[in-house]
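Listing of start_36.csv; format and content: CSV, C-alpha atoms.
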```
chain,number,residue,atom,x,y,z
A,63,MET,CA,125.2,13.4,-5.1
A,64,ALA,CA,125.7,16.1,-7.6
A,65,ASP,CA,122.9,18.6,-7.7
A,66,ARG,CA,122.8,18.7,-11.4
A,67,VAL,CA,124.7,16.8,-14.1
A,68,THR,CA,124.9,18.1,-17.7
A,69,VAL,CA,126.5,16.2,-20.5
A,70,ILE,CA,127.7,18.5,-23.3
A,71,GLY,CA,128.6,17.2,-26.7
A,72,TRP,CA,131.4,19.0,-28.6
A,73,ASP,CA,132.1,18.8,-32.3
A,74,GLY,CA,134.6,21.6,-32.6
A,75,SER,CA,132.0,24.3,-33.2
A,76,PRO,CA,131.4,27.1,-30.7
A,77,LEU,CA,129.4,26.0,-27.6
A,78,THR,CA,125.7,26.9,-27.6
A,79,ALA,CA,124.3,29.4,-25.1
A,80,ALA,CA,122.9,26.5,-23.0
A,81,ALA,CA,126.2,24.7,-23.0
A,82,ARG,CA,128.1,27.8,-21.9
A,83,ALA,CA,125.6,28.5,-19.2
A,84,ALA,CA,125.9,25.0,-17.8
A,85,LEU,CA,129.7,25.0,-18.0
A,86,GLY,CA,129.9,28.4,-16.3
A,87,ALA,CA,128.0,27.2,-13.3
A,88,ALA,CA,130.0,23.9,-13.0
A,89,THR,CA,131.9,23.1,-9.8
A,90,LEU,CA,133.2,19.8,-11.4
A,91,VAL,CA,134.1,19.3,-15.1
A,92,ALA,CA,135.0,15.9,-16.6
A,93,GLY,CA,136.4,15.4,-20.1
A,94,ALA,CA,139.3,14.6,-22.2
A,95,ALA,CA,142.4,16.8,-22.1
A,96,HIS,CA,141.3,18.9,-25.1
A,97,HIS,CA,137.9,19.5,-23.4
A,98,LEU,CA,139.4,20.6,-20.1
A,99,ALA,CA,141.6,23.1,-22.0
A,100,LEU,CA,138.6,25.0,-23.4
A,101,PRO,CA,138.5,28.6,-22.1
A,102,GLU,CA,134.9,28.2,-21.0
A,103,VAL,CA,135.9,25.7,-18.2
A,104,PRO,CA,135.8,27.6,-14.9
A,105,ALA,CA,139.2,28.2,-13.3
A,106,GLY,CA,138.0,27.1,-9.9
A,107,ALA,CA,136.1,23.9,-11.0
A,108,GLU,CA,137.4,20.5,-10.0
A,109,ARG,CA,138.7,18.7,-13.1
A,110,ILE,CA,138.5,15.0,-13.9
A,111,ARG,CA,140.3,13.7,-17.0
A,112,LEU,CA,138.1,11.0,-18.5
A,113,GLY,CA,139.7,7.6,-18.8
A,114,SER,CA,137.2,5.2,-17.2
A,115,VAL,CA,133.7,6.7,-17.5
A,116,ALA,CA,132.6,4.5,-14.6
A,117,LEU,CA,135.2,5.8,-12.3
A,118,ALA,CA,134.3,9.4,-13.2
A,119,ALA,CA,130.6,8.6,-12.6
A,120,ARG,CA,131.4,7.5,-9.1
A,121,ARG,CA,133.2,10.7,-8.4
A,122,ILE,CA,130.4,12.7,-9.9
A,123,ALA,CA,127.9,10.8,-7.8
A,124,ALA,CA,129.8,11.7,-4.6
A,125,HIS,CA,130.3,15.4,-5.6
A,126,ARG,CA,128.3,18.1,-3.9
A,127,GLY,CA,127.7,20.7,-6.5
A,128,THR,CA,127.0,21.1,-10.2
A,129,ALA,CA,128.8,18.7,-12.6
A,130,VAL,CA,129.4,18.9,-16.4
A,131,VAL,CA,130.8,16.1,-18.5
A,132,LEU,CA,132.2,17.1,-21.9
A,133,ALA,CA,132.4,14.5,-24.7
A,134,ASP,CA,133.1,14.5,-28.4
A,135,GLY,CA,130.2,14.4,-30.8
A,136,ASP,CA,126.7,13.2,-29.7
A,137,PRO,CA,127.2,11.8,-26.2
A,138,GLY,CA,124.0,9.8,-26.5
A,139,PHE,CA,125.3,7.8,-29.6
A,140,PHE,CA,127.8,5.2,-28.4
A,141,GLY,CA,128.8,7.8,-25.8
A,142,VAL,CA,129.0,8.5,-22.1
A,143,VAL,CA,125.3,8.9,-21.4
A,144,ARG,CA,124.7,5.2,-21.2
A,145,THR,CA,127.3,4.7,-18.5
A,146,LEU,CA,126.3,7.8,-16.5
A,147,ARG,CA,122.6,6.7,-16.5
A,148,ALA,CA,123.5,3.2,-15.2
A,149,PRO,CA,121.4,2.4,-12.1
A,150,GLU,CA,124.4,1.9,-9.8
A,151,PHE,CA,125.3,5.6,-10.1
A,152,GLY,CA,121.8,7.0,-9.6
A,153,LEU,CA,122.5,10.0,-11.8
A,154,GLU,CA,119.9,12.0,-13.7
A,155,VAL,CA,121.5,13.8,-16.6
A,156,GLU,CA,120.6,16.6,-19.0
A,157,VAL,CA,122.1,16.3,-22.4
A,158,VAL,CA,123.3,19.1,-24.8
A,159,PRO,CA,124.0,17.1,-28.0
A,160,ALA,CA,126.3,17.9,-30.9
A,161,VAL,CA,126.8,16.4,-34.3
A,162,SER,CA,128.0,12.8,-33.9
A,163,SER,CA,131.4,11.9,-35.4
A,164,VAL,CA,129.7,9.4,-37.7
A,165,ALA,CA,127.4,12.1,-39.1
A,166,ALA,CA,130.4,14.5,-39.5
A,167,ALA,CA,132.4,11.8,-41.2
A,168,PHE,CA,129.7,11.1,-43.8
A,169,ALA,CA,129.2,14.8,-44.3
A,170,ARG,CA,133.0,15.2,-45.0
A,171,ALA,CA,132.6,12.3,-47.5
A,172,GLY,CA,129.5,13.9,-49.1
A,173,MET,CA,127.5,10.6,-48.6
A,174,PRO,CA,124.2,9.6,-47.1
A,175,TRP,CA,124.5,7.3,-44.1
A,176,ASP,CA,121.0,6.0,-43.3
A,177,ASP,CA,121.9,2.8,-45.1
A,178,ALA,CA,125.1,2.3,-43.2
A,179,GLN,CA,126.0,-0.1,-40.4
A,180,VAL,CA,127.7,1.6,-37.4
A,181,VAL,CA,130.0,-0.4,-35.2
A,182,VAL,CA,132.5,0.3,-32.3
A,183,ALA,CA,135.9,-1.3,-32.5
A,184,HIS,CA,137.8,-1.9,-29.3
A,185,ARG,CA,140.5,-4.5,-28.9
A,186,ARG,CA,137.9,-7.0,-27.7
A,187,THR,CA,135.4,-6.2,-30.4
A,188,LEU,CA,137.7,-5.6,-33.4
A,189,ARG,CA,137.2,-9.0,-35.0
A,190,ARG,CA,133.4,-8.7,-34.9
A,191,ALA,CA,133.7,-5.2,-36.3
A,192,VAL,CA,135.8,-6.5,-39.2
A,193,ASN,CA,133.2,-9.2,-39.8
A,194,VAL,CA,130.6,-6.5,-40.3
A,195,CYS,CA,132.9,-4.8,-42.8
A,196,ARG,CA,133.2,-8.1,-44.6
A,197,ALA,CA,129.5,-8.6,-44.8
A,198,HIS,CA,128.1,-5.1,-45.6
A,199,THR,CA,128.7,-2.5,-48.3
A,200,LYS,CA,128.8,0.6,-46.1
A,201,VAL,CA,130.0,0.6,-42.5
A,202,ALA,CA,131.1,3.3,-40.1
A,203,VAL,CA,133.7,2.2,-37.6
A,204,LEU,CA,134.2,4.2,-34.4
A,205,THR,CA,137.8,3.2,-33.7
A,206,SER,CA,140.0,3.2,-30.6
A,207,PRO,CA,143.8,2.9,-29.9
A,208,GLY,CA,144.9,-0.5,-31.0
A,209,ALA,CA,141.7,-1.0,-33.1
A,210,GLY,CA,142.1,1.6,-35.8
A,211,PRO,CA,142.4,1.8,-39.5
A,212,ALA,CA,145.7,-0.1,-39.7
A,213,GLU,CA,144.3,-3.0,-37.7
A,214,LEU,CA,141.1,-3.0,-39.8
A,215,GLY,CA,143.1,-3.2,-43.0
A,216,LEU,CA,145.3,-6.0,-41.7
A,217,LEU,CA,142.3,-8.2,-40.7
A,218,LEU,CA,140.5,-7.5,-44.0
A,219,GLU,CA,143.2,-9.3,-45.9
A,220,GLY,CA,141.8,-10.9,-49.0
A,221,VAL,CA,138.7,-8.6,-49.1
A,222,HIS,CA,139.0,-5.3,-51.0
A,223,ARG,CA,137.4,-2.3,-49.4
A,224,THR,CA,137.8,1.4,-49.7
A,225,PHE,CA,138.5,3.4,-46.5
A,226,VAL,CA,137.5,7.0,-45.9
A,227,ILE,CA,139.5,7.9,-42.8
A,228,CYS,CA,138.5,11.0,-40.9
A,229,GLU,CA,141.0,12.0,-38.3
A,230,GLU,CA,140.5,14.6,-35.4
A,231,LEU,CA,137.2,15.8,-36.8
A,232,GLY,CA,136.2,19.3,-35.7
A,233,THR,CA,139.7,20.4,-34.8
A,234,GLY,CA,142.3,22.4,-36.5
A,235,HIS,CA,144.2,19.2,-37.3
A,236,GLU,CA,141.2,17.5,-39.1
A,237,ARG,CA,142.3,15.4,-42.1
A,238,VAL,CA,140.2,13.2,-44.4
A,239,SER,CA,142.0,10.5,-46.5
A,240,VAL,CA,140.8,7.9,-49.0
A,241,VAL,CA,142.9,4.7,-49.2
A,242,THR,CA,142.3,1.1,-50.1
A,243,SER,CA,142.1,-1.3,-47.1
A,244,GLU,CA,145.4,-2.9,-48.2
A,245,LYS,CA,147.2,0.5,-47.9
A,246,ALA,CA,145.7,1.5,-44.5
A,247,ALA,CA,148.3,-0.6,-42.6
A,248,ASP,CA,151.1,1.4,-44.2
A,249,HIS,CA,150.3,4.6,-42.3
A,250,THR,CA,150.1,5.9,-38.7
A,251,TRP,CA,146.7,7.4,-38.1
A,252,ARG,CA,145.9,10.1,-35.5
A,253,ASP,CA,143.3,9.5,-32.8
A,254,PRO,CA,140.4,10.0,-32.6
A,255,ASN,CA,139.3,8.8,-36.0
A,256,VAL,CA,136.3,7.4,-37.8
A,257,VAL,CA,136.6,5.0,-40.7
A,258,ILE,CA,134.0,4.7,-43.4
A,259,VAL,CA,134.4,1.2,-45.0
A,260,LEU,CA,132.9,0.9,-48.5
A,261,GLY,CA,132.7,-2.2,-50.8
A,262,GLY,CA,130.3,-3.5,-53.3
A,263,PRO,CA,127.3,-1.8,-54.7
A,264,VAL,CA,126.2,1.2,-52.5
A,265,GLY,CA,123.0,3.2,-52.5
A,266,THR,CA,120.5,0.5,-53.6
A,267,ALA,CA,117.7,2.0,-51.5
A,268,GLY,CA,116.7,4.3,-54.4
A,269,GLU,CA,116.6,8.0,-54.9
A,270,THR,CA,114.1,8.6,-52.2
A,271,GLY,CA,116.0,6.5,-49.6
A,272,GLY,CA,114.9,3.6,-47.6
A,273,TRP,CA,112.5,3.3,-44.7
A,274,ILE,CA,114.8,1.9,-42.0
A,275,ALA,CA,118.4,2.7,-41.0
A,276,GLY,CA,121.1,0.1,-41.8
A,277,ARG,CA,120.3,-2.9,-43.9
A,278,ASP,CA,116.8,-3.1,-45.4
A,279,PRO,CA,115.4,-6.5,-44.1
A,280,SER,CA,113.0,-6.5,-47.0
A,281,ALA,CA,115.7,-6.6,-49.6
A,282,GLY,CA,115.7,-9.8,-51.7
A,283,PRO,CA,113.1,-12.6,-51.7
A,284,ARG,CA,111.0,-13.3,-48.6
A,285,GLY,CA,111.7,-16.4,-46.6
A,286,TRP,CA,114.6,-18.6,-45.5
A,287,SER,CA,115.9,-21.8,-47.1
A,288,LEU,CA,114.9,-20.7,-50.6
A,289,PRO,CA,113.9,-23.3,-53.1
A,290,ALA,CA,116.4,-24.7,-55.6
A,291,GLU,CA,115.1,-22.4,-58.4
A,292,ALA,CA,116.6,-19.4,-56.5
A,293,TYR,CA,120.0,-21.0,-57.0
A,294,GLY,CA,119.7,-22.1,-60.6
A,295,GLY,CA,117.9,-25.4,-60.2
A,296,ASP,CA,119.9,-28.4,-59.1
A,297,LEU,CA,121.5,-27.9,-55.7
A,298,GLY,CA,123.8,-30.9,-56.1
A,299,GLU,CA,124.2,-34.1,-54.2
A,300,GLY,CA,123.4,-34.0,-50.5
A,301,GLU,CA,122.0,-30.5,-50.6
A,302,THR,CA,118.3,-30.3,-49.8
A,303,GLN,CA,116.1,-27.4,-48.7
A,304,LEU,CA,115.2,-29.1,-45.4
A,305,LEU,CA,118.8,-30.0,-44.6
A,306,ARG,CA,119.9,-26.5,-45.3
A,307,ALA,CA,117.2,-25.0,-43.1
A,308,SER,CA,118.2,-27.4,-40.2
A,309,GLN,CA,121.8,-26.5,-40.6
A,310,LEU,CA,121.1,-22.8,-40.5
A,311,ALA,CA,118.8,-23.2,-37.5
A,312,ARG,CA,121.6,-25.0,-35.5
A,313,LEU,CA,124.4,-22.5,-36.4
A,314,GLY,CA,122.3,-19.4,-36.1
A,315,PRO,CA,124.6,-17.0,-38.1
A,316,ARG,CA,124.2,-13.4,-37.1
A,317,ILE,CA,125.7,-9.9,-37.6
A,318,GLY,CA,129.3,-9.9,-36.4
A,319,ASP,CA,129.9,-13.6,-37.0
A,320,LEU,CA,132.3,-15.2,-39.5
A,321,VAL,CA,130.9,-18.3,-41.1
A,322,TRP,CA,132.9,-20.9,-43.0
A,323,ASP,CA,131.0,-22.9,-45.6
A,324,ILE,CA,133.3,-25.7,-46.6
A,325,GLY,CA,132.1,-27.4,-49.7
A,326,CYS,CA,129.8,-24.5,-50.8
A,327,GLY,CA,128.4,-26.3,-53.9
A,328,SER,CA,125.5,-24.3,-55.3
A,329,GLY,CA,126.2,-21.4,-52.8
A,330,ALA,CA,122.7,-21.8,-51.2
A,331,PHE,CA,123.9,-22.1,-47.6
A,332,ALA,CA,126.6,-19.4,-48.0
A,333,VAL,CA,124.2,-16.9,-49.5
A,334,GLU,CA,121.5,-17.5,-46.8
A,335,ALA,CA,124.1,-17.2,-44.0
A,336,ALA,CA,125.1,-13.9,-45.5
A,337,ARG,CA,121.4,-12.8,-45.8
A,338,ALA,CA,121.3,-13.2,-42.0
A,339,GLY,CA,124.0,-10.5,-41.8
A,340,ALA,CA,127.0,-12.7,-41.1
A,341,ALA,CA,130.3,-12.5,-42.9
A,342,VAL,CA,130.9,-15.7,-45.0
A,343,ILE,CA,133.9,-17.4,-46.5
A,344,ALA,CA,132.8,-20.0,-49.0
A,345,VAL,CA,135.3,-22.7,-49.8
A,346,ASP,CA,135.2,-25.3,-52.5
A,347,SER,CA,137.8,-27.4,-54.5
A,348,ASP,CA,135.6,-27.2,-57.6
A,349,ARG,CA,136.0,-24.0,-59.6
A,350,ALA,CA,132.6,-24.4,-61.1
A,351,ALA,CA,131.1,-24.5,-57.6
A,352,CYS,CA,133.0,-21.3,-56.7
A,353,ALA,CA,131.6,-19.7,-59.8
A,354,ARG,CA,128.0,-20.8,-59.0
A,355,THR,CA,128.4,-19.4,-55.5
A,356,ASP,CA,129.7,-16.1,-56.8
A,357,ALA,CA,126.8,-15.8,-59.2
A,358,ALA,CA,124.2,-16.6,-56.5
A,359,ALA,CA,125.7,-14.0,-54.2
A,360,ARG,CA,125.6,-11.4,-56.9
A,361,ARG,CA,122.0,-12.3,-57.9
A,362,LEU,CA,120.8,-12.1,-54.3
A,363,GLY,CA,122.8,-9.0,-53.4
A,364,VAL,CA,125.1,-10.3,-50.6
A,365,GLN,CA,128.8,-10.1,-50.0
A,366,LEU,CA,130.9,-13.3,-49.9
A,367,GLN,CA,134.6,-14.1,-49.9
A,368,ILE,CA,135.1,-17.2,-52.1
A,369,VAL,CA,138.2,-19.3,-51.7
A,370,HIS,CA,139.1,-22.0,-54.2
A,371,GLY,CA,141.1,-24.9,-52.6
A,372,THR,CA,140.9,-28.2,-50.9
A,373,ALA,CA,140.2,-28.6,-47.2
A,374,PRO,CA,141.6,-29.0,-44.7
A,375,HIS,CA,144.9,-27.4,-46.1
A,376,VAL,CA,143.2,-24.3,-47.5
A,377,LEU,CA,141.7,-23.5,-44.1
A,378,GLU,CA,145.1,-22.9,-42.4
A,379,ASN,CA,145.3,-19.2,-43.4
A,380,LEU,CA,141.7,-18.3,-43.0
A,381,PRO,CA,140.6,-15.9,-40.2
A,382,GLU,CA,139.0,-17.5,-37.1
A,383,PRO,CA,135.4,-18.6,-37.6
A,384,ASP,CA,132.5,-18.4,-35.2
A,385,VAL,CA,130.4,-21.1,-36.8
A,386,VAL,CA,131.2,-23.6,-39.5
A,387,ARG,CA,129.2,-25.8,-41.9
A,388,VAL,CA,131.2,-28.8,-43.3
A,389,ALA,CA,129.4,-30.1,-46.4
A,390,GLY,CA,132.4,-31.9,-47.9
A,391,GLY,CA,135.6,-33.6,-46.8
A,392,GLY,CA,134.2,-35.9,-44.1
A,393,ALA,CA,135.7,-36.6,-40.6
A,394,ALA,CA,139.2,-35.3,-41.5
A,395,VAL,CA,137.9,-31.9,-42.3
A,396,VAL,CA,135.5,-31.8,-39.3
A,397,SER,CA,138.5,-32.6,-37.1
A,398,ALA,CA,140.6,-29.8,-38.6
A,399,VAL,CA,137.8,-27.4,-38.1
A,400,ALA,CA,137.3,-28.5,-34.5
A,401,ASP,CA,141.0,-27.7,-33.9
A,402,ARG,CA,140.2,-24.0,-34.7
A,403,ARG,CA,137.5,-24.0,-31.9
A,404,PRO,CA,134.5,-22.3,-33.5
A,405,GLN,CA,131.5,-22.0,-31.3
A,406,ARG,CA,129.4,-24.3,-33.4
A,407,ILE,CA,130.0,-26.8,-36.2
A,408,VAL,CA,127.3,-28.5,-38.3
A,409,THR,CA,127.8,-31.3,-40.8
A,410,HIS,CA,125.9,-34.3,-42.2
A,411,ALA,CA,126.6,-37.9,-43.1
A,412,ALA,CA,124.9,-40.4,-45.4
A,413,THR,CA,125.4,-43.4,-43.1
A,414,ARG,CA,125.2,-44.1,-39.4
A,415,ASP,CA,128.8,-45.4,-39.3
A,416,ALA,CA,130.0,-42.1,-40.8
A,417,ALA,CA,127.9,-40.1,-38.4
A,418,GLU,CA,129.3,-42.0,-35.4
A,419,LEU,CA,132.9,-41.4,-36.6
A,420,VAL,CA,132.3,-37.6,-36.8
A,421,GLY,CA,130.4,-37.6,-33.5
A,422,ARG,CA,133.2,-39.3,-31.6
A,423,ASP,CA,135.7,-36.8,-33.1
A,424,LEU,CA,133.7,-33.8,-32.0
A,425,THR,CA,133.2,-35.3,-28.5
A,426,GLU,CA,137.0,-35.8,-28.2
A,427,HIS,CA,137.5,-32.1,-29.2
A,428,GLY,CA,135.2,-31.1,-26.3
A,429,TYR,CA,132.0,-30.4,-28.2
A,430,GLY,CA,128.6,-31.3,-27.0
A,431,VAL,CA,127.1,-33.4,-29.9
A,432,GLU,CA,123.6,-33.8,-31.2
A,433,CYS,CA,122.5,-36.0,-34.1
A,434,ALA,CA,119.2,-36.3,-35.8
A,435,LEU,CA,118.0,-38.5,-38.7
A,436,LEU,CA,116.3,-36.2,-41.3
A,437,GLN,CA,114.1,-37.6,-43.9
A,438,SER,CA,112.3,-35.5,-46.4
A,439,VAL,CA,109.9,-36.5,-49.1
A,440,GLU,CA,108.9,-34.2,-51.9
A,441,LEU,CA,105.4,-34.7,-53.2
A,442,ASP,CA,103.9,-33.9,-56.6
A,443,THR,CA,100.8,-32.0,-55.4
A,444,ARG,CA,98.9,-32.7,-58.7
A,445,ALA,CA,98.7,-36.4,-58.0
A,446,TRP,CA,100.1,-36.3,-54.4
A,447,THR,CA,102.7,-38.9,-55.4
A,448,GLU,CA,106.3,-39.1,-54.2
A,449,LYS,CA,108.8,-37.2,-56.4
A,450,GLU,CA,112.0,-37.4,-54.4
A,451,ARG,CA,113.1,-38.8,-51.0
A,452,SER,CA,116.3,-37.9,-49.1
A,453,VAL,CA,117.8,-39.2,-45.9
A,454,ALA,CA,120.7,-37.7,-43.9
A,455,PHE,CA,122.2,-37.8,-40.4
A,456,LEU,CA,122.5,-34.2,-39.2
A,457,LEU,CA,125.3,-33.6,-36.6
A,458,SER,CA,125.9,-30.5,-34.7
A,459,GLY,CA,128.6,-29.7,-32.2
A,460,VAL,CA,128.5,-26.9,-29.6
A,461,LEU,CA,131.4,-25.7,-27.3
A,462,PRO,CA,129.9,-25.7,-23.8
A,463,ARG,CA,132.5,-23.4,-22.4
A,464,ARG,CA,131.6,-20.5,-24.7
A,465,SER,CA,128.4,-18.6,-25.0
A,466,ALA,CA,126.9,-19.0,-28.5
```
As a first step, turn the structure in this file into structure tokens.
Amino acid sequence: MADRVTVIGWDGSPLTAAARAALGAATLVAGAAHHLALPEVPAGAERIRLGSVALAARRIAAHRGTAVVLADGDPGFFGVVRTLRAPEFGLEVEVVPAVSSVAAAFARAGMPWDDAQVVVAHRRTLRRAVNVCRAHTKVAVLTSPGAGPAELGLLLEGVHRTFVICEELGTGHERVSVVTSEKAADHTWRDPNVVIVLGGPVGTAGETGGWIAGRDPSAGPRGWSLPAEAYGGDLGEGETQLLRASQLARLGPRIGDLVWDIGCGSGAFAVEAARAGAAVIAVDSDRAACARTDAAARRLGVQLQIVHGTAPHVLENLPEPDVVRVAGGGAAVVSAVADRRPQRIVTHAATRDAAELVGRDLTEHGYGVECALLQSVELDTRAWTEKERSVAFLLSGVLPRRSA
């Protein structure tokens, strides 16, 4: 095992005295090509060009001598330190940090970033990174080849965002560009790059800043399944607070998810899924419902994409969902949604016959189906008399072959 392993962050500025000392004593140096070309790398040291960090860690673990790993930015922030410290390698590391590329990008943009979401986009995580950009007003995306600004722009079709694209930070080829998301796909961008994605109101934490990094969980009213008054009074036929709470509980929308709300009505469900951090596309054939949903989203400070049209036809060009609520359209719409294979689907029916029809269709599509009869009775607490009663069959489908 290596006698000593030092991880050095590099942001383009001159190396610190501690970093130069560690590098000068190294018998093995791992890093990208531009790291290994630094004049401070000892001529006699074994050199490993970093591709797979895990493979490099195995070679470092087997090395007899002093090892140094060079990495861009802060290696402890979405960097190599996590892999090097994995138990299977048994490495104890010392870290000499540098300014992270995210901090550098926001510095170039002249913006604070304590209120930003930070995501990593690889080919396998690109869709979830895009969903965070849909749902939040300020996101920093650490990109990779094949999951860069152009791909982000293409997948954000229908959602306007501003991109601040920072290429090759800390080098002589550094470039910062500001473009709309629609234009990002028209260019070829140099790696490595960081993309700051902006949309909607920014900087709502106040002049003194917030108390927690990222989204402030205390923003907006406390509680889930807010009362009808929060959405302008009447929720519309079939929409009750208890039913909405049960639907949300079964779908479990979260950051990185894309939620379809088909038949958004008052906007209550769509807004509360967005308050959980998910990206939401709200669909309705009624323009008035779309307007109510838009107003509710603005009032409660969340980002939604609203699509006017009739399901199932309007769903054909929408991006792939993770979870879906079907509030209108019946079995035909549920069947069309199931064809898109979201992880979870929830809907409700007014009669047992309708519930059985939907349940059979979900089962035929390979979903595990649950059904519950929900009855809620609203009481007037002045006289403890019944004000309103509602009954609905709540159906949920879960794909057993995929983790939810």
Discussion item. List the spatial neighbours of segment 67-80 of chain A as a PyMOL selection string - criterion: any atom at most 7 Å away, all atoms listed in the file, same-chain residues fewer than 3 positions off excluded.
Written reply: chain A and resi 64+83-84+128-137+154-161+232-233
Residues of segment 207-275 of chain A at most 10 Å from segment 360-382 of chain A: nearest atom pair and distance in Å, only C-alpha atoms, as JSON lines:
```
{"residue": "A:Leu217", "atom": "CA", "partner": "A:Pro381", "partner_atom": "CA", "distance": 7.9}
{"residue": "A:Leu218", "atom": "CA", "partner": "A:Pro381", "partner_atom": "CA", "distance": 9.2}
{"residue": "A:Glu219", "atom": "CA", "partner": "A:Pro381", "partner_atom": "CA", "distance": 9.1}
{"residue": "A:Gly220", "atom": "CA", "partner": "A:Gln367", "partner_atom": "CA", "distance": 7.9}
{"residue": "A:Val221", "atom": "CA", "partner": "A:Gln367", "partner_atom": "CA", "distance": 6.9}
{"residue": "A:His222", "atom": "CA", "partner": "A:Gln367", "partner_atom": "CA", "distance": 9.9}
{"residue": "A:Gly261", "atom": "CA", "partner": "A:Gln365", "partner_atom": "CA", "distance": 8.8}
{"residue": "A:Gly262", "atom": "CA", "partner": "A:Gln365", "partner_atom": "CA", "distance": 7.5}
{"residue": "A:Pro263", "atom": "CA", "partner": "A:Gly363", "partner_atom": "CA", "distance": 8.6}
{"residue": "A:Thr266", "atom": "CA", "partner": "A:Gly363", "partner_atom": "CA", "distance": 9.8}
```
Practice prompt. Within 9 Å of (138.1, 18.7, -22.0) (coordinates as in the file), grab all the protein and nucleic acid residues, counting only C-alpha atoms, and write them out as a PyMOL selection string.
Written response: chain A and resi 91-100+103+109-112+131-133
Discussion item. At a cut-off of 8 Å, using only C-alpha atoms, what residues contact Tyr429 of chain A? Leave out same-chain residues fewer than 4 positions from it and give the result as number ranges by chain.
Written reply: A: 424-425, 459-462
Item to complete: Please provide as a ChimeraX atom specification all residues within 12 Å of segment 442-452 of chain A, with the sequence filter that same-chain residues fewer than 2 positions apart are discarded (counting all atoms listed in the file).
Response: /A:299-305,411-412,435-440,454-455
Could you write segment 450-461 of chain A as a PDB file, in the coordinates of the input, with N, CA, C and O atoms rebuilt where they are missing?
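As a result, part05.pdb now contains:
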```pdb
ATOM      1  N   GLU A 450     110.615 -37.223 -54.783  1.00  0.00           N
ATOM      2  CA  GLU A 450     112.000 -37.400 -54.400  1.00  0.00           C
ATOM      3  C   GLU A 450     112.068 -37.621 -52.876  1.00  0.00           C
ATOM      4  O   GLU A 450     111.366 -36.959 -52.127  1.00  0.00           O
ATOM      5  N   ARG A 451     112.950 -38.541 -52.458  1.00  0.00           N
ATOM      6  CA  ARG A 451     113.100 -38.800 -51.000  1.00  0.00           C
ATOM      7  C   ARG A 451     114.629 -38.662 -50.708  1.00  0.00           C
ATOM      8  O   ARG A 451     115.490 -39.084 -51.474  1.00  0.00           O
ATOM      9  N   SER A 452     114.923 -38.040 -49.563  1.00  0.00           N
ATOM     10  CA  SER A 452     116.300 -37.900 -49.100  1.00  0.00           C
ATOM     11  C   SER A 452     116.411 -38.208 -47.642  1.00  0.00           C
ATOM     12  O   SER A 452     115.504 -37.889 -46.868  1.00  0.00           O
ATOM     13  N   VAL A 453     117.527 -38.796 -47.258  1.00  0.00           N
ATOM     14  CA  VAL A 453     117.800 -39.200 -45.900  1.00  0.00           C
ATOM     15  C   VAL A 453     119.206 -38.718 -45.513  1.00  0.00           C
ATOM     16  O   VAL A 453     120.127 -38.944 -46.306  1.00  0.00           O
ATOM     17  N   ALA A 454     119.372 -38.095 -44.353  1.00  0.00           N
ATOM     18  CA  ALA A 454     120.700 -37.700 -43.900  1.00  0.00           C
ATOM     19  C   ALA A 454     120.769 -37.629 -42.406  1.00  0.00           C
ATOM     20  O   ALA A 454     119.765 -37.350 -41.733  1.00  0.00           O
ATOM     21  N   PHE A 455     121.955 -37.934 -41.865  1.00  0.00           N
ATOM     22  CA  PHE A 455     122.200 -37.800 -40.400  1.00  0.00           C
ATOM     23  C   PHE A 455     122.772 -36.358 -40.248  1.00  0.00           C
ATOM     24  O   PHE A 455     123.828 -36.028 -40.800  1.00  0.00           O
ATOM     25  N   LEU A 456     122.068 -35.538 -39.481  1.00  0.00           N
ATOM     26  CA  LEU A 456     122.500 -34.200 -39.200  1.00  0.00           C
ATOM     27  C   LEU A 456     123.217 -34.128 -37.873  1.00  0.00           C
ATOM     28  O   LEU A 456     122.636 -34.473 -36.842  1.00  0.00           O
ATOM     29  N   LEU A 457     124.476 -33.694 -37.877  1.00  0.00           N
ATOM     30  CA  LEU A 457     125.300 -33.600 -36.600  1.00  0.00           C
ATOM     31  C   LEU A 457     125.616 -32.161 -36.363  1.00  0.00           C
ATOM     32  O   LEU A 457     125.960 -31.394 -37.265  1.00  0.00           O
ATOM     33  N   SER A 458     125.525 -31.798 -35.107  1.00  0.00           N
ATOM     34  CA  SER A 458     125.900 -30.500 -34.700  1.00  0.00           C
ATOM     35  C   SER A 458     126.750 -30.564 -33.416  1.00  0.00           C
ATOM     36  O   SER A 458     126.467 -31.388 -32.541  1.00  0.00           O
ATOM     37  N   GLY A 459     127.773 -29.727 -33.345  1.00  0.00           N
ATOM     38  CA  GLY A 459     128.600 -29.700 -32.200  1.00  0.00           C
ATOM     39  C   GLY A 459     128.642 -28.268 -31.599  1.00  0.00           C
ATOM     40  O   GLY A 459     128.768 -27.302 -32.349  1.00  0.00           O
ATOM     41  N   VAL A 460     128.535 -28.141 -30.270  1.00  0.00           N
ATOM     42  CA  VAL A 460     128.500 -26.900 -29.600  1.00  0.00           C
ATOM     43  C   VAL A 460     129.576 -26.882 -28.482  1.00  0.00           C
ATOM     44  O   VAL A 460     129.600 -27.832 -27.682  1.00  0.00           O
ATOM     45  N   LEU A 461     130.408 -25.840 -28.437  1.00  0.00           N
ATOM     46  CA  LEU A 461     131.400 -25.700 -27.300  1.00  0.00           C
ATOM     47  C   LEU A 461     130.659 -25.305 -26.076  1.00  0.00           C
ATOM     48  O   LEU A 461     130.137 -24.188 -26.021  1.00  0.00           O
TER      49      LEU A 461
END
```
